[in-house]
>>> print(open('work_18.cif').read())   # mmCIF, C-alpha atoms and all ligand atoms
data_data
loop_
_atom_site.group_PDB
_atom_site.id
_atom_site.type_symbol
_atom_site.label_atom_id
_atom_site.label_comp_id
_atom_site.auth_asym_id
_atom_site.auth_seq_id
_atom_site.Cartn_x
_atom_site.Cartn_y
_atom_site.Cartn_z
ATOM 1 C CA MET A 1025 22.366 78.140 -123.149
ATOM 2 C CA THR A 1026 23.169 74.848 -121.359
ATOM 3 C CA ALA A 1027 23.402 72.004 -123.849
ATOM 4 C CA PRO A 1028 20.674 69.371 -123.480
ATOM 5 C CA VAL A 1029 22.155 65.852 -123.435
ATOM 6 C CA PHE A 1030 19.394 64.690 -125.823
ATOM 7 C CA LEU A 1031 17.943 66.814 -128.621
ATOM 8 C CA VAL A 1032 14.667 65.503 -130.072
ATOM 9 C CA LEU A 1033 13.849 66.781 -133.577
ATOM 10 C CA GLY A 1034 10.333 66.375 -134.966
ATOM 11 C CA GLY A 1035 9.224 66.373 -131.323
ATOM 12 C CA LYS A 1036 5.495 66.843 -131.997
ATOM 13 C CA GLY A 1037 5.243 63.728 -134.184
ATOM 14 C CA MET A 1038 4.167 60.266 -133.082
ATOM 15 C CA LEU A 1039 7.650 59.062 -132.066
ATOM 16 C CA GLY A 1040 8.804 62.522 -130.914
ATOM 17 C CA ARG A 1041 6.006 62.607 -128.341
ATOM 18 C CA ALA A 1042 6.909 59.113 -127.127
ATOM 19 C CA PHE A 1043 10.494 60.305 -126.540
ATOM 20 C CA SER A 1044 9.367 63.249 -124.399
ATOM 21 C CA SER A 1045 7.621 60.822 -122.024
ATOM 22 C CA SER A 1046 10.436 58.283 -122.060
ATOM 23 C CA LEU A 1047 13.248 60.797 -121.468
ATOM 24 C CA ALA A 1048 11.264 62.577 -118.733
ATOM 25 C CA TYR A 1049 10.515 59.215 -117.087
ATOM 26 C CA HIS A 1050 14.242 58.418 -116.954
ATOM 27 C CA ALA A 1051 15.019 61.983 -115.773
ATOM 28 C CA LEU A 1052 17.343 62.488 -118.759
ATOM 29 C CA PRO A 1053 17.960 66.152 -119.728
ATOM 30 C CA PHE A 1054 16.488 66.886 -123.157
ATOM 31 C CA ARG A 1055 15.115 69.546 -125.469
ATOM 32 C CA SER A 1056 12.311 68.652 -127.855
ATOM 33 C CA CYS A 1057 11.452 70.827 -130.853
ATOM 34 C CA ASP A 1058 9.514 70.554 -134.099
ATOM 35 C CA VAL A 1059 9.690 72.225 -137.501
ATOM 36 C CA ASP A 1060 8.423 75.568 -136.123
ATOM 37 C CA GLU A 1061 11.631 75.829 -134.035
ATOM 38 C CA VAL A 1062 14.171 73.712 -135.918
ATOM 39 C CA ASP A 1063 13.553 72.896 -139.576
ATOM 40 C CA ILE A 1064 16.006 70.080 -140.266
ATOM 41 C CA THR A 1065 16.400 71.173 -143.907
ATOM 42 C CA ASN A 1066 17.682 74.585 -142.759
ATOM 43 C CA GLU A 1067 21.456 74.529 -142.202
ATOM 44 C CA ASP A 1068 21.527 77.609 -139.928
ATOM 45 C CA ALA A 1069 18.739 76.234 -137.743
ATOM 46 C CA VAL A 1070 20.526 72.878 -137.501
ATOM 47 C CA ARG A 1071 23.863 74.537 -136.594
ATOM 48 C CA GLN A 1072 22.205 76.609 -133.871
ATOM 49 C CA ALA A 1073 20.294 73.688 -132.352
ATOM 50 C CA ILE A 1074 23.191 71.214 -132.372
ATOM 51 C CA PHE A 1075 26.110 72.739 -130.508
ATOM 52 C CA PRO A 1076 29.014 71.361 -128.441
ATOM 53 C CA GLY A 1077 27.650 69.611 -125.375
ATOM 54 C CA VAL A 1078 24.660 68.016 -127.129
ATOM 55 C CA ARG A 1079 25.486 64.296 -126.938
ATOM 56 C CA PHE A 1080 22.617 62.572 -128.756
ATOM 57 C CA VAL A 1081 20.407 63.913 -131.533
ATOM 58 C CA LEU A 1082 17.212 61.863 -131.862
ATOM 59 C CA ASN A 1083 15.883 62.698 -135.314
ATOM 60 C CA CYS A 1084 12.149 61.902 -135.356
ATOM 61 C CA ALA A 1085 11.477 64.551 -138.025
ATOM 62 C CA ALA A 1086 10.399 63.108 -141.347
ATOM 63 C CA TRP A 1087 8.121 63.227 -144.358
ATOM 64 C CA THR A 1088 5.870 60.255 -143.512
ATOM 65 C CA ASN A 1089 3.080 60.645 -146.076
ATOM 66 C CA VAL A 1090 3.867 57.580 -148.197
ATOM 67 C CA ASP A 1091 1.290 58.249 -150.935
ATOM 68 C CA GLY A 1092 2.001 62.006 -150.885
ATOM 69 C CA ALA A 1093 5.686 61.334 -151.605
ATOM 70 C CA GLU A 1094 4.730 59.964 -155.029
ATOM 71 C CA LYS A 1095 3.573 63.474 -156.016
ATOM 72 C CA ASP A 1096 6.513 65.376 -154.498
ATOM 73 C CA GLU A 1097 9.510 63.059 -154.209
ATOM 74 C CA GLU A 1098 11.880 66.041 -154.204
ATOM 75 C CA ALA A 1099 10.333 67.509 -151.039
ATOM 76 C CA ALA A 1100 10.269 64.076 -149.345
ATOM 77 C CA THR A 1101 13.940 63.553 -150.269
ATOM 78 C CA ARG A 1102 14.931 66.977 -148.891
ATOM 79 C CA ILE A 1103 13.610 65.931 -145.446
ATOM 80 C CA ASN A 1104 14.193 62.137 -145.395
ATOM 81 C CA GLY A 1105 17.392 62.212 -147.432
ATOM 82 C CA HIS A 1106 19.460 65.391 -147.638
ATOM 83 C CA ALA A 1107 18.553 66.720 -144.172
ATOM 84 C CA VAL A 1108 19.830 63.466 -142.643
ATOM 85 C CA GLY A 1109 23.182 64.122 -144.346
ATOM 86 C CA LEU A 1110 23.168 67.665 -142.953
ATOM 87 C CA LEU A 1111 22.424 66.408 -139.423
ATOM 88 C CA ALA A 1112 25.179 63.772 -139.706
ATOM 89 C CA ARG A 1113 27.748 66.427 -140.719
ATOM 90 C CA ARG A 1114 26.772 68.767 -137.889
ATOM 91 C CA CYS A 1115 26.755 65.940 -135.319
ATOM 92 C CA GLU A 1116 30.239 64.926 -136.426
ATOM 93 C CA GLU A 1117 31.464 68.539 -136.032
ATOM 94 C CA VAL A 1118 30.278 68.783 -132.424
ATOM 95 C CA GLY A 1119 30.960 65.145 -131.442
ATOM 96 C CA ALA A 1120 27.290 64.165 -130.985
ATOM 97 C CA MET A 1121 25.772 60.829 -131.964
ATOM 98 C CA LEU A 1122 22.974 60.987 -134.534
ATOM 99 C CA VAL A 1123 20.096 58.549 -134.103
ATOM 100 C CA THR A 1124 17.669 58.610 -137.002
ATOM 101 C CA TYR A 1125 14.871 56.415 -138.363
ATOM 102 C CA SER A 1126 14.227 54.620 -141.604
ATOM 103 C CA THR A 1127 11.691 52.133 -142.862
ATOM 104 C CA ASP A 1128 10.947 48.592 -143.988
ATOM 105 C CA TYR A 1129 9.983 50.254 -147.306
ATOM 106 C CA VAL A 1130 13.691 50.487 -148.295
ATOM 107 C CA PHE A 1131 13.323 46.777 -149.198
ATOM 108 C CA ASP A 1132 11.523 45.276 -152.200
ATOM 109 C CA GLY A 1133 9.159 42.948 -150.338
ATOM 110 C CA GLN A 1134 10.111 39.867 -152.382
ATOM 111 C CA ALA A 1135 11.897 38.052 -149.523
ATOM 112 C CA GLN A 1136 10.600 34.816 -147.984
ATOM 113 C CA ARG A 1137 12.241 35.464 -144.597
ATOM 114 C CA PRO A 1138 12.867 38.579 -142.454
ATOM 115 C CA TYR A 1139 15.121 41.295 -143.948
ATOM 116 C CA ARG A 1140 18.505 41.494 -142.248
ATOM 117 C CA THR A 1141 20.175 44.837 -141.470
ATOM 118 C CA GLY A 1142 22.857 44.503 -144.157
ATOM 119 C CA GLU A 1143 20.557 43.492 -146.980
ATOM 120 C CA LYS A 1144 20.444 45.323 -150.318
ATOM 121 C CA ARG A 1145 18.069 48.282 -150.521
ATOM 122 C CA ALA A 1146 15.583 48.169 -153.409
ATOM 123 C CA PRO A 1147 12.682 50.514 -152.563
ATOM 124 C CA LEU A 1148 9.423 50.219 -154.504
ATOM 125 C CA ASN A 1149 8.126 53.728 -153.854
ATOM 126 C CA ALA A 1150 9.214 57.387 -153.545
ATOM 127 C CA TYR A 1151 9.066 57.391 -149.728
ATOM 128 C CA GLY A 1152 11.362 54.329 -149.619
ATOM 129 C CA ARG A 1153 13.737 55.968 -152.106
ATOM 130 C CA SER A 1154 13.834 59.190 -150.044
ATOM 131 C CA LYS A 1155 14.772 57.169 -146.942
ATOM 132 C CA ALA A 1156 17.382 55.210 -148.915
ATOM 133 C CA VAL A 1157 19.072 58.533 -149.821
ATOM 134 C CA GLY A 1158 19.309 59.333 -146.095
ATOM 135 C CA GLU A 1159 20.815 55.900 -145.384
ATOM 136 C CA GLU A 1160 23.432 56.321 -148.135
ATOM 137 C CA LEU A 1161 24.443 59.758 -146.808
ATOM 138 C CA LEU A 1162 24.825 58.311 -143.313
ATOM 139 C CA GLU A 1163 27.050 55.516 -144.619
ATOM 140 C CA ARG A 1164 29.282 58.117 -146.284
ATOM 141 C CA SER A 1165 29.437 60.362 -143.193
ATOM 142 C CA GLY A 1166 32.332 60.033 -140.781
ATOM 143 C CA GLY A 1167 30.563 60.511 -137.472
ATOM 144 C CA ARG A 1168 28.845 58.224 -134.981
ATOM 145 C CA TRP A 1169 25.319 57.309 -136.063
ATOM 146 C CA MET A 1170 22.597 54.746 -135.653
ATOM 147 C CA ASN A 1171 19.866 54.311 -138.259
ATOM 148 C CA ILE A 1172 16.924 52.398 -136.818
ATOM 149 C CA ARG A 1173 14.604 50.891 -139.416
ATOM 150 C CA THR A 1174 11.110 50.379 -138.125
ATOM 151 C CA SER A 1175 7.660 49.612 -139.548
ATOM 152 C CA TRP A 1176 3.902 50.156 -139.103
ATOM 153 C CA LEU A 1177 4.253 52.677 -136.266
ATOM 154 C CA TYR A 1178 1.313 53.373 -133.927
ATOM 155 C CA ALA A 1179 0.698 55.267 -130.682
ATOM 156 C CA PRO A 1180 -2.243 56.428 -128.553
ATOM 157 C CA TRP A 1181 -1.826 59.802 -130.381
ATOM 158 C CA GLY A 1182 -1.148 61.061 -133.904
ATOM 159 C CA ASN A 1183 -2.155 59.799 -137.328
ATOM 160 C CA ASN A 1184 -1.822 56.059 -137.415
ATOM 161 C CA PHE A 1185 -3.519 52.837 -138.532
ATOM 162 C CA VAL A 1186 -4.726 51.857 -135.051
ATOM 163 C CA ARG A 1187 -6.610 55.103 -134.418
ATOM 164 C CA THR A 1188 -7.996 55.170 -137.969
ATOM 165 C CA ILE A 1189 -9.277 51.568 -137.834
ATOM 166 C CA ALA A 1190 -10.749 52.048 -134.345
ATOM 167 C CA LYS A 1191 -12.684 55.103 -135.574
ATOM 168 C CA LEU A 1192 -13.906 53.336 -138.725
ATOM 169 C CA LEU A 1193 -15.015 50.245 -136.798
ATOM 170 C CA ARG A 1194 -17.066 52.411 -134.454
ATOM 171 C CA GLU A 1195 -18.719 54.227 -137.378
ATOM 172 C CA LYS A 1196 -19.227 51.591 -140.095
ATOM 173 C CA PRO A 1197 -20.816 48.118 -140.081
ATOM 174 C CA SER A 1198 -17.854 46.665 -142.010
ATOM 175 C CA ILE A 1199 -14.524 47.685 -143.513
ATOM 176 C CA LYS A 1200 -12.121 45.968 -145.910
ATOM 177 C CA VAL A 1201 -8.425 45.703 -145.039
ATOM 178 C CA VAL A 1202 -5.619 44.252 -147.176
ATOM 179 C CA ASN A 1203 -4.533 40.743 -146.272
ATOM 180 C CA ASP A 1204 -1.596 40.341 -148.694
ATOM 181 C CA GLN A 1205 0.967 42.668 -147.066
ATOM 182 C CA ARG A 1206 2.882 41.172 -144.157
ATOM 183 C CA GLY A 1207 5.001 43.092 -141.656
ATOM 184 C CA ARG A 1208 5.643 43.982 -138.035
ATOM 185 C CA PRO A 1209 3.610 46.614 -136.179
ATOM 186 C CA THR A 1210 5.599 48.864 -133.836
ATOM 187 C CA SER A 1211 4.470 50.789 -130.786
ATOM 188 C CA ALA A 1212 6.144 54.236 -130.838
ATOM 189 C CA GLU A 1213 6.524 54.047 -127.060
ATOM 190 C CA HIS A 1214 8.293 50.687 -127.346
ATOM 191 C CA LEU A 1215 10.499 52.139 -130.113
ATOM 192 C CA ALA A 1216 11.509 55.120 -127.944
ATOM 193 C CA ALA A 1217 12.334 52.885 -124.966
ATOM 194 C CA ALA A 1218 14.201 50.382 -127.180
ATOM 195 C CA THR A 1219 16.200 53.220 -128.790
ATOM 196 C CA LEU A 1220 17.448 54.370 -125.384
ATOM 197 C CA ALA A 1221 18.357 50.766 -124.534
ATOM 198 C CA MET A 1222 20.209 50.414 -127.875
ATOM 199 C CA ILE A 1223 22.191 53.606 -127.168
ATOM 200 C CA ASP A 1224 23.007 52.258 -123.710
ATOM 201 C CA ALA A 1225 24.163 48.975 -125.269
ATOM 202 C CA GLY A 1226 26.540 50.890 -127.582
ATOM 203 C CA ALA A 1227 24.706 50.020 -130.834
ATOM 204 C CA THR A 1228 25.668 51.923 -134.002
ATOM 205 C CA GLY A 1229 25.081 51.574 -137.773
ATOM 206 C CA HIS A 1230 21.887 50.106 -139.266
ATOM 207 C CA GLN A 1231 19.581 48.449 -136.735
ATOM 208 C CA HIS A 1232 16.004 47.143 -136.713
ATOM 209 C CA VAL A 1233 13.418 47.776 -133.993
ATOM 210 C CA THR A 1234 9.766 46.673 -134.180
ATOM 211 C CA ASP A 1235 7.309 44.819 -131.956
ATOM 212 C CA GLY A 1236 7.736 41.041 -131.892
ATOM 213 C CA GLY A 1237 5.675 38.697 -134.064
ATOM 214 C CA GLU A 1238 4.258 39.528 -137.496
ATOM 215 C CA CYS A 1239 0.879 39.880 -139.204
ATOM 216 C CA THR A 1240 -0.985 41.277 -142.187
ATOM 217 C CA TRP A 1241 -2.814 44.627 -142.031
ATOM 218 C CA TYR A 1242 -6.073 42.614 -141.950
ATOM 219 C CA GLU A 1243 -4.927 40.579 -138.921
ATOM 220 C CA PHE A 1244 -3.763 43.808 -137.259
ATOM 221 C CA ALA A 1245 -7.209 45.390 -137.846
ATOM 222 C CA VAL A 1246 -9.068 42.308 -136.531
ATOM 223 C CA GLU A 1247 -7.078 42.511 -133.284
ATOM 224 C CA ILE A 1248 -7.813 46.253 -132.941
ATOM 225 C CA GLY A 1249 -11.549 45.504 -133.373
ATOM 226 C CA ARG A 1250 -11.391 42.722 -130.782
ATOM 227 C CA LEU A 1251 -9.613 44.933 -128.233
ATOM 228 C CA ILE A 1252 -12.067 47.830 -128.541
ATOM 229 C CA ALA A 1253 -15.072 45.456 -128.815
ATOM 230 C CA ALA A 1254 -16.233 47.408 -131.861
ATOM 231 C CA PRO A 1255 -19.510 46.532 -133.564
ATOM 232 C CA GLY A 1256 -17.926 46.835 -137.054
ATOM 233 C CA LYS A 1257 -16.631 43.774 -138.921
ATOM 234 C CA VAL A 1258 -13.244 43.540 -140.680
ATOM 235 C CA GLU A 1259 -13.172 41.789 -144.060
ATOM 236 C CA PRO A 1260 -9.996 40.760 -145.882
ATOM 237 C CA CYS A 1261 -9.211 42.114 -149.361
ATOM 238 C CA THR A 1262 -6.241 42.198 -151.740
ATOM 239 C CA SER A 1263 -3.983 45.181 -152.529
ATOM 240 C CA ALA A 1264 -5.325 45.018 -156.103
ATOM 241 C CA GLU A 1265 -8.840 45.698 -154.761
ATOM 242 C CA PHE A 1266 -7.581 48.734 -152.834
ATOM 243 C CA PRO A 1267 -5.194 50.611 -155.197
ATOM 244 C CA ARG A 1268 -3.028 53.354 -153.678
ATOM 245 C CA PRO A 1269 -0.656 55.854 -155.370
ATOM 246 C CA ALA A 1270 2.450 54.246 -153.762
ATOM 247 C CA LYS A 1271 3.248 50.580 -154.315
ATOM 248 C CA ARG A 1272 3.748 48.680 -151.032
ATOM 249 C CA PRO A 1273 6.039 45.674 -150.424
ATOM 250 C CA ALA A 1274 4.160 42.372 -149.985
ATOM 251 C CA TYR A 1275 6.549 41.168 -147.286
ATOM 252 C CA SER A 1276 8.453 43.646 -145.147
ATOM 253 C CA VAL A 1277 9.239 41.794 -141.937
ATOM 254 C CA LEU A 1278 12.442 43.233 -140.423
ATOM 255 C CA ASP A 1279 14.850 40.754 -138.847
ATOM 256 C CA LEU A 1280 15.339 41.405 -135.124
ATOM 257 C CA THR A 1281 18.130 38.921 -134.306
ATOM 258 C CA GLU A 1282 20.879 41.524 -133.675
ATOM 259 C CA THR A 1283 18.548 43.794 -131.711
ATOM 260 C CA GLU A 1284 17.327 40.973 -129.470
ATOM 261 C CA GLN A 1285 20.910 39.876 -128.811
ATOM 262 C CA LEU A 1286 21.687 43.420 -127.678
ATOM 263 C CA ILE A 1287 18.633 44.406 -125.628
ATOM 264 C CA GLY A 1288 16.495 41.287 -125.149
ATOM 265 C CA SER A 1289 13.373 40.037 -126.879
ATOM 266 C CA MET A 1290 10.847 42.424 -128.429
ATOM 267 C CA PRO A 1291 7.381 42.208 -126.838
ATOM 268 C CA ASP A 1292 4.721 40.648 -129.089
ATOM 269 C CA TRP A 1293 2.710 43.217 -131.081
ATOM 270 C CA ARG A 1294 -0.571 42.044 -129.511
ATOM 271 C CA ALA A 1295 0.715 42.877 -126.015
ATOM 272 C CA ASN A 1296 2.006 46.315 -127.085
ATOM 273 C CA LEU A 1297 -1.223 47.003 -128.992
ATOM 274 C CA ALA A 1298 -3.382 46.131 -125.955
ATOM 275 C CA HIS A 1299 -1.339 48.553 -123.842
ATOM 276 C CA VAL A 1300 -1.762 51.360 -126.416
ATOM 277 C CA VAL A 1301 -5.477 50.800 -127.086
ATOM 278 C CA LYS A 1302 -6.294 51.273 -123.383
ATOM 279 C CA ARG A 1303 -4.852 54.798 -123.494
ATOM 280 C CA MET A 1304 -5.893 55.807 -127.015
ATOM 281 C CA GLU A 1305 -6.694 59.523 -127.446
ATOM 282 C CA ALA A 1306 -10.142 60.219 -128.906
HETATM 283 N N1 LIG B 1 4.650 56.110 -139.263
HETATM 284 C C1 LIG B 1 5.093 54.918 -139.673
HETATM 285 O O1 LIG B 1 4.303 53.975 -139.879
HETATM 286 C C2 LIG B 1 6.560 54.702 -139.902
HETATM 287 C C3 LIG B 1 6.985 53.479 -140.467
HETATM 288 C C4 LIG B 1 8.353 53.279 -140.667
HETATM 289 C C5 LIG B 1 9.251 54.276 -140.325
HETATM 290 N N2 LIG B 1 8.809 55.454 -139.792
HETATM 291 C C6 LIG B 1 9.793 56.474 -139.472
HETATM 292 O O2 LIG B 1 9.795 56.699 -138.067
HETATM 293 C C7 LIG B 1 10.111 58.071 -137.794
HETATM 294 C C8 LIG B 1 9.047 58.686 -136.908
HETATM 295 O O3 LIG B 1 7.808 58.639 -137.619
HETATM 296 P P1 LIG B 1 6.458 59.293 -137.046
HETATM 297 O O4 LIG B 1 5.346 58.456 -137.549
HETATM 298 O O5 LIG B 1 6.607 59.581 -135.583
HETATM 299 O O6 LIG B 1 6.421 60.663 -137.853
HETATM 300 P P2 LIG B 1 5.332 61.820 -137.755
HETATM 301 O O7 LIG B 1 4.306 61.511 -136.721
HETATM 302 O O8 LIG B 1 4.893 62.130 -139.151
HETATM 303 O O9 LIG B 1 6.201 63.026 -137.201
HETATM 304 C C9 LIG B 1 7.182 63.664 -137.953
HETATM 305 C C10 LIG B 1 7.364 65.041 -137.360
HETATM 306 O O10 LIG B 1 8.393 65.700 -138.127
HETATM 307 C C11 LIG B 1 7.940 67.020 -138.391
HETATM 308 N N3 LIG B 1 8.644 67.542 -139.561
HETATM 309 C C12 LIG B 1 8.309 67.441 -140.874
HETATM 310 N N4 LIG B 1 9.202 68.110 -141.629
HETATM 311 C C13 LIG B 1 10.124 68.641 -140.770
HETATM 312 C C14 LIG B 1 11.272 69.434 -140.944
HETATM 313 N N5 LIG B 1 11.677 69.841 -142.156
HETATM 314 N N6 LIG B 1 11.979 69.795 -139.850
HETATM 315 C C15 LIG B 1 11.578 69.416 -138.608
HETATM 316 N N7 LIG B 1 10.483 68.671 -138.376
HETATM 317 C C16 LIG B 1 9.760 68.283 -139.450
HETATM 318 C C17 LIG B 1 6.452 66.844 -138.632
HETATM 319 O O11 LIG B 1 5.797 68.085 -138.577
HETATM 320 P P3 LIG B 1 4.455 68.296 -139.470
HETATM 321 O O12 LIG B 1 3.468 67.299 -138.955
HETATM 322 O O13 LIG B 1 4.122 69.716 -139.206
HETATM 323 O O14 LIG B 1 4.882 68.000 -140.899
HETATM 324 C C18 LIG B 1 6.090 65.901 -137.492
HETATM 325 O O15 LIG B 1 5.859 66.595 -136.282
HETATM 326 C C19 LIG B 1 10.235 58.740 -139.173
HETATM 327 O O16 LIG B 1 11.567 58.755 -139.575
HETATM 328 C C20 LIG B 1 9.450 57.830 -140.079
HETATM 329 O O17 LIG B 1 9.824 57.929 -141.421
HETATM 330 C C21 LIG B 1 7.486 55.677 -139.567
#
>>> encode(input="work_18.cif", output="structure tokens")
Amino acid sequence: MTAPVFLVLGGKGMLGRAFSSSLAYHALPFRSCDVDEVDITNEDAVRQAIFPGVRFVLNCAAWTNVDGAEKDEEAATRINGHAVGLLARRCEEVGAMLVTYSTDYVFDGQAQRPYRTGEKRAPLNAYGRSKAVGEELLERSGGRWMNIRTSWLYAPWGNNFVRTIAKLLREKPSIKVVNDQRGRPTSAEHLAAATLAMIDAGATGHQHVTDGGECTWYEFAVEIGRLIAAPGKVEPCTSAEFPRPAKRPAYSVLDLTETEQLIGSMPDWRANLAHVVKRMEA
């Protein structure tokens, strides 16, 4: 089998799908597969999929159910933690670069200014801890890797906040959304394009990629409602009024200084959101 230059793992997920479009657009040779073809926790499957000639492994596979991770942290850690170590080892063996993704939830949310790439990890929930395990294993691996932390991912497809809020605002007269968690939304399509630009720019190690600007979930929801001209109204509430199994950081804005020096400024989240909403799958 001819080696694909890019191997996308978790290819049917939100980001995985964005990569298929982006790589095809740039006419870059790639293979995209999901858990049915390559389970990243399975060493044999990983060895077979990553062979000499593969140059970049784009790991979009993950356990992304934040509340679900509270009930089964071990399973989340197998995928978000140990499998990342396995991929890093195999990439090193064949001389490929591993690009993988982590989260703003590795930080504690107590900061008063954006989290820089080298800052201390202190996750508040099981999902954040599972991702922190992956980051530690990468740091101990000897190969070439880039770990891109991102936050609040959305796309015209898949399970995400934008599609959920749009549906709710079309069905209900009003919804409540938390206004005391602040972060940076990220278009999956922007993240895929920015990742390719980061690779091109020679970036390695921990990096941050999100949309530009920042907001609360409430402000994000209000803008979604405005863009779809929904009849439903968005009302602000506190996290205490809307308890969830996993604790969320109050402030999880990721610092973009290094990224913007490398590949230019990140488009504002409102512009990316408008672009996505126009093409949103039903
Ligand atoms: N979504 C967010 O808001 C967010 C925020 C910060 C960081 N991130 C990170 O960004 C990356 C991309 O997230 P996403 O939202 O695109 O994820 P996603 O839509 O949940 O996609 C993940 C894909 O990985 C697959 N998968 C699960 N276990 C696997 C395994 N053992 N082997 C191979 N594939 C497996 C999933 O299949 P099934 O659906 O069949 O399980 C799914 O197709 C992840 O690393 C995520 O943690 C996401």
>>> atom_distance(input="work_18.cif", atom1="atom CA of A:Met1304", atom2="atom CA of A:Asn1083")
24.3 Å
>>> residues_near_ligand(input="work_18.cif", ligand="ligand LIG 1 (chain B)", cutoff="7 Å", atoms="all atoms listed in the file", output="PyMOL selection string")
chain A and resi 1033-1040+1058-1059+1062-1065+1084-1088+1103+1124-1128+1173-1178+1182-1184
>>> residues_around(input="work_18.cif", residues="A:Gly1256", least_positions_apart="2", cutoff="9 Å", atoms="all atoms listed in the file", output="PyMOL selection string")
chain A and resi 1192-1199+1249+1253-1254+1258
>>> residues_around(input="work_18.cif", residues="A:Gly1119", least_positions_apart="4", cutoff="12 Å", atoms="all atoms listed in the file", output="PyMOL selection string")
chain A and resi 1029+1074-1081+1111-1115+1166-1169
>>> closest_residue(input="work_18.cif", among="A:Asp1235, A:Glu1247, A:Asp1060, A:Asp1132", to="A:Ala1212", atoms="all atoms listed in the file")
A:Asp1235
>>> closest_residue(input="work_18.cif", among="A:Arg1071, A:Arg1055, A:Arg1153, A:Arg1164", to="A:Leu1031", atoms="only C-alpha atoms")
A:Arg1055
>>> residues_around(input="work_18.cif", residues="A:Thr1219", least_positions_apart="2", cutoff="12 Å", atoms="only C-alpha atoms", output="CSV table (one decimal) with C-alpha atoms, in the coordinates of the input")
chain,number,residue,atom,x,y,z
A,1039,LEU,CA,7.6,59.1,-132.1
A,1042,ALA,CA,6.9,59.1,-127.1
A,1043,PHE,CA,10.5,60.3,-126.5
A,1046,SER,CA,10.4,58.3,-122.1
A,1047,LEU,CA,13.2,60.8,-121.5
A,1080,PHE,CA,22.6,62.6,-128.8
A,1081,VAL,CA,20.4,63.9,-131.5
A,1082,LEU,CA,17.2,61.9,-131.9
A,1083,ASN,CA,15.9,62.7,-135.3
A,1084,CYS,CA,12.1,61.9,-135.4
A,1122,LEU,CA,23.0,61.0,-134.5
A,1123,VAL,CA,20.1,58.5,-134.1
A,1124,THR,CA,17.7,58.6,-137.0
A,1125,TYR,CA,14.9,56.4,-138.4
A,1170,MET,CA,22.6,54.7,-135.7
A,1171,ASN,CA,19.9,54.3,-138.3
A,1172,ILE,CA,16.9,52.4,-136.8
A,1173,ARG,CA,14.6,50.9,-139.4
A,1174,THR,CA,11.1,50.4,-138.1
A,1212,ALA,CA,6.1,54.2,-130.8
A,1213,GLU,CA,6.5,54.0,-127.1
A,1214,HIS,CA,8.3,50.7,-127.3
A,1215,LEU,CA,10.5,52.1,-130.1
A,1216,ALA,CA,11.5,55.1,-127.9
A,1217,ALA,CA,12.3,52.9,-125.0
A,1221,ALA,CA,18.4,50.8,-124.5
A,1222,MET,CA,20.2,50.4,-127.9
A,1223,ILE,CA,22.2,53.6,-127.2
A,1224,ASP,CA,23.0,52.3,-123.7
A,1225,ALA,CA,24.2,49.0,-125.3
A,1226,GLY,CA,26.5,50.9,-127.6
A,1227,ALA,CA,24.7,50.0,-130.8
A,1228,THR,CA,25.7,51.9,-134.0
A,1231,GLN,CA,19.6,48.4,-136.7
A,1232,HIS,CA,16.0,47.1,-136.7
A,1233,VAL,CA,13.4,47.8,-134.0
A,1234,THR,CA,9.8,46.7,-134.2
A,1283,THR,CA,18.5,43.8,-131.7
A,1286,LEU,CA,21.7,43.4,-127.7
A,1287,ILE,CA,18.6,44.4,-125.6
>>> resolve_selection(input="work_18.cif", expression="the PyMOL selection byres (((chain A and resi 1094) around 7) and not hetatm)", output="list of chain:residue names")
A:Asp1091, A:Gly1092, A:Ala1093, A:Lys1095, A:Asp1096, A:Glu1097, A:Ala1150, A:Pro1269, A:Ala1270
>>> resolve_selection(input="work_18.cif", expression="the PyMOL selection byres (((chain A and resi 1291) around 9) and not hetatm)", output="list in words")
His1214, Thr1234, Asp1235, Gly1236, Gly1237, Ser1289, Met1290, Asp1292, Trp1293, Arg1294, Ala1295 and Asn1296 of chain A
>>> resolve_selection(input="work_18.cif", expression="the PyMOL selection byres (((chain A and resi 1154) around 10) and not hetatm)", output="list in words")
Trp1087, Ala1093, Glu1097, Glu1098, Ala1099, Ala1100, Thr1101, Arg1102, Ile1103, Asn1104, Gly1105, His1106, Ser1126, Val1130, Pro1147, Asn1149, Ala1150, Tyr1151, Gly1152, Arg1153, Lys1155, Ala1156, Val1157, Gly1158 and Glu1159 of chain A
>>> axis_aligned_box(input="work_18.cif", around="stretch 1285-1298 of chain A", padding_each_side="5 Å", output="JSON")
{"center_x": 9.2, "center_y": 43.4, "center_z": -128.1, "size_x": 35.1, "size_y": 17.1, "size_z": 15.9}
>>> closest_residue(input="work_18.cif", among="A:Ser1165, A:Ser1056, A:Glu1243, A:Gln1136", to="A:Glu1116", atoms="all atoms listed in the file")
A:Ser1165
>>> closest_residue(input="work_18.cif", among="A:Gly1288, A:Pro1273, A:Pro1180, A:Pro1209", to="A:Ala1146", atoms="all atoms listed in the file")
A:Pro1273
>>> atom_distance(input="work_18.cif", atom1="atom CA of A:Cys1057", atom2="atom CA of A:Ser1044")
10.2 Å
>>> residues_near_point(input="work_18.cif", point="(2.4, 44.7, -142.1)", cutoff="7 Å", atoms="all atoms listed in the file", output="ChimeraX atom specification")
/A:1176,1205-1209,1239-1241,1276
>>> atom_distance(input="work_18.cif", atom1="atom CA of A:Lys1191", atom2="atom CA of A:Ile1252")
10.1 Å
>>> closest_residue(input="work_18.cif", among="A:Val1246, A:Leu1278, A:Asn1066, A:Ala1179", to="A:Ala1135", atoms="all atoms listed in the file")
A:Leu1278
>>> closest_residue(input="work_18.cif", among="A:Glu1282, A:Glu1305, A:Asp1204, A:Asp1068", to="A:Cys1261", atoms="only C-alpha atoms")
A:Asp1204
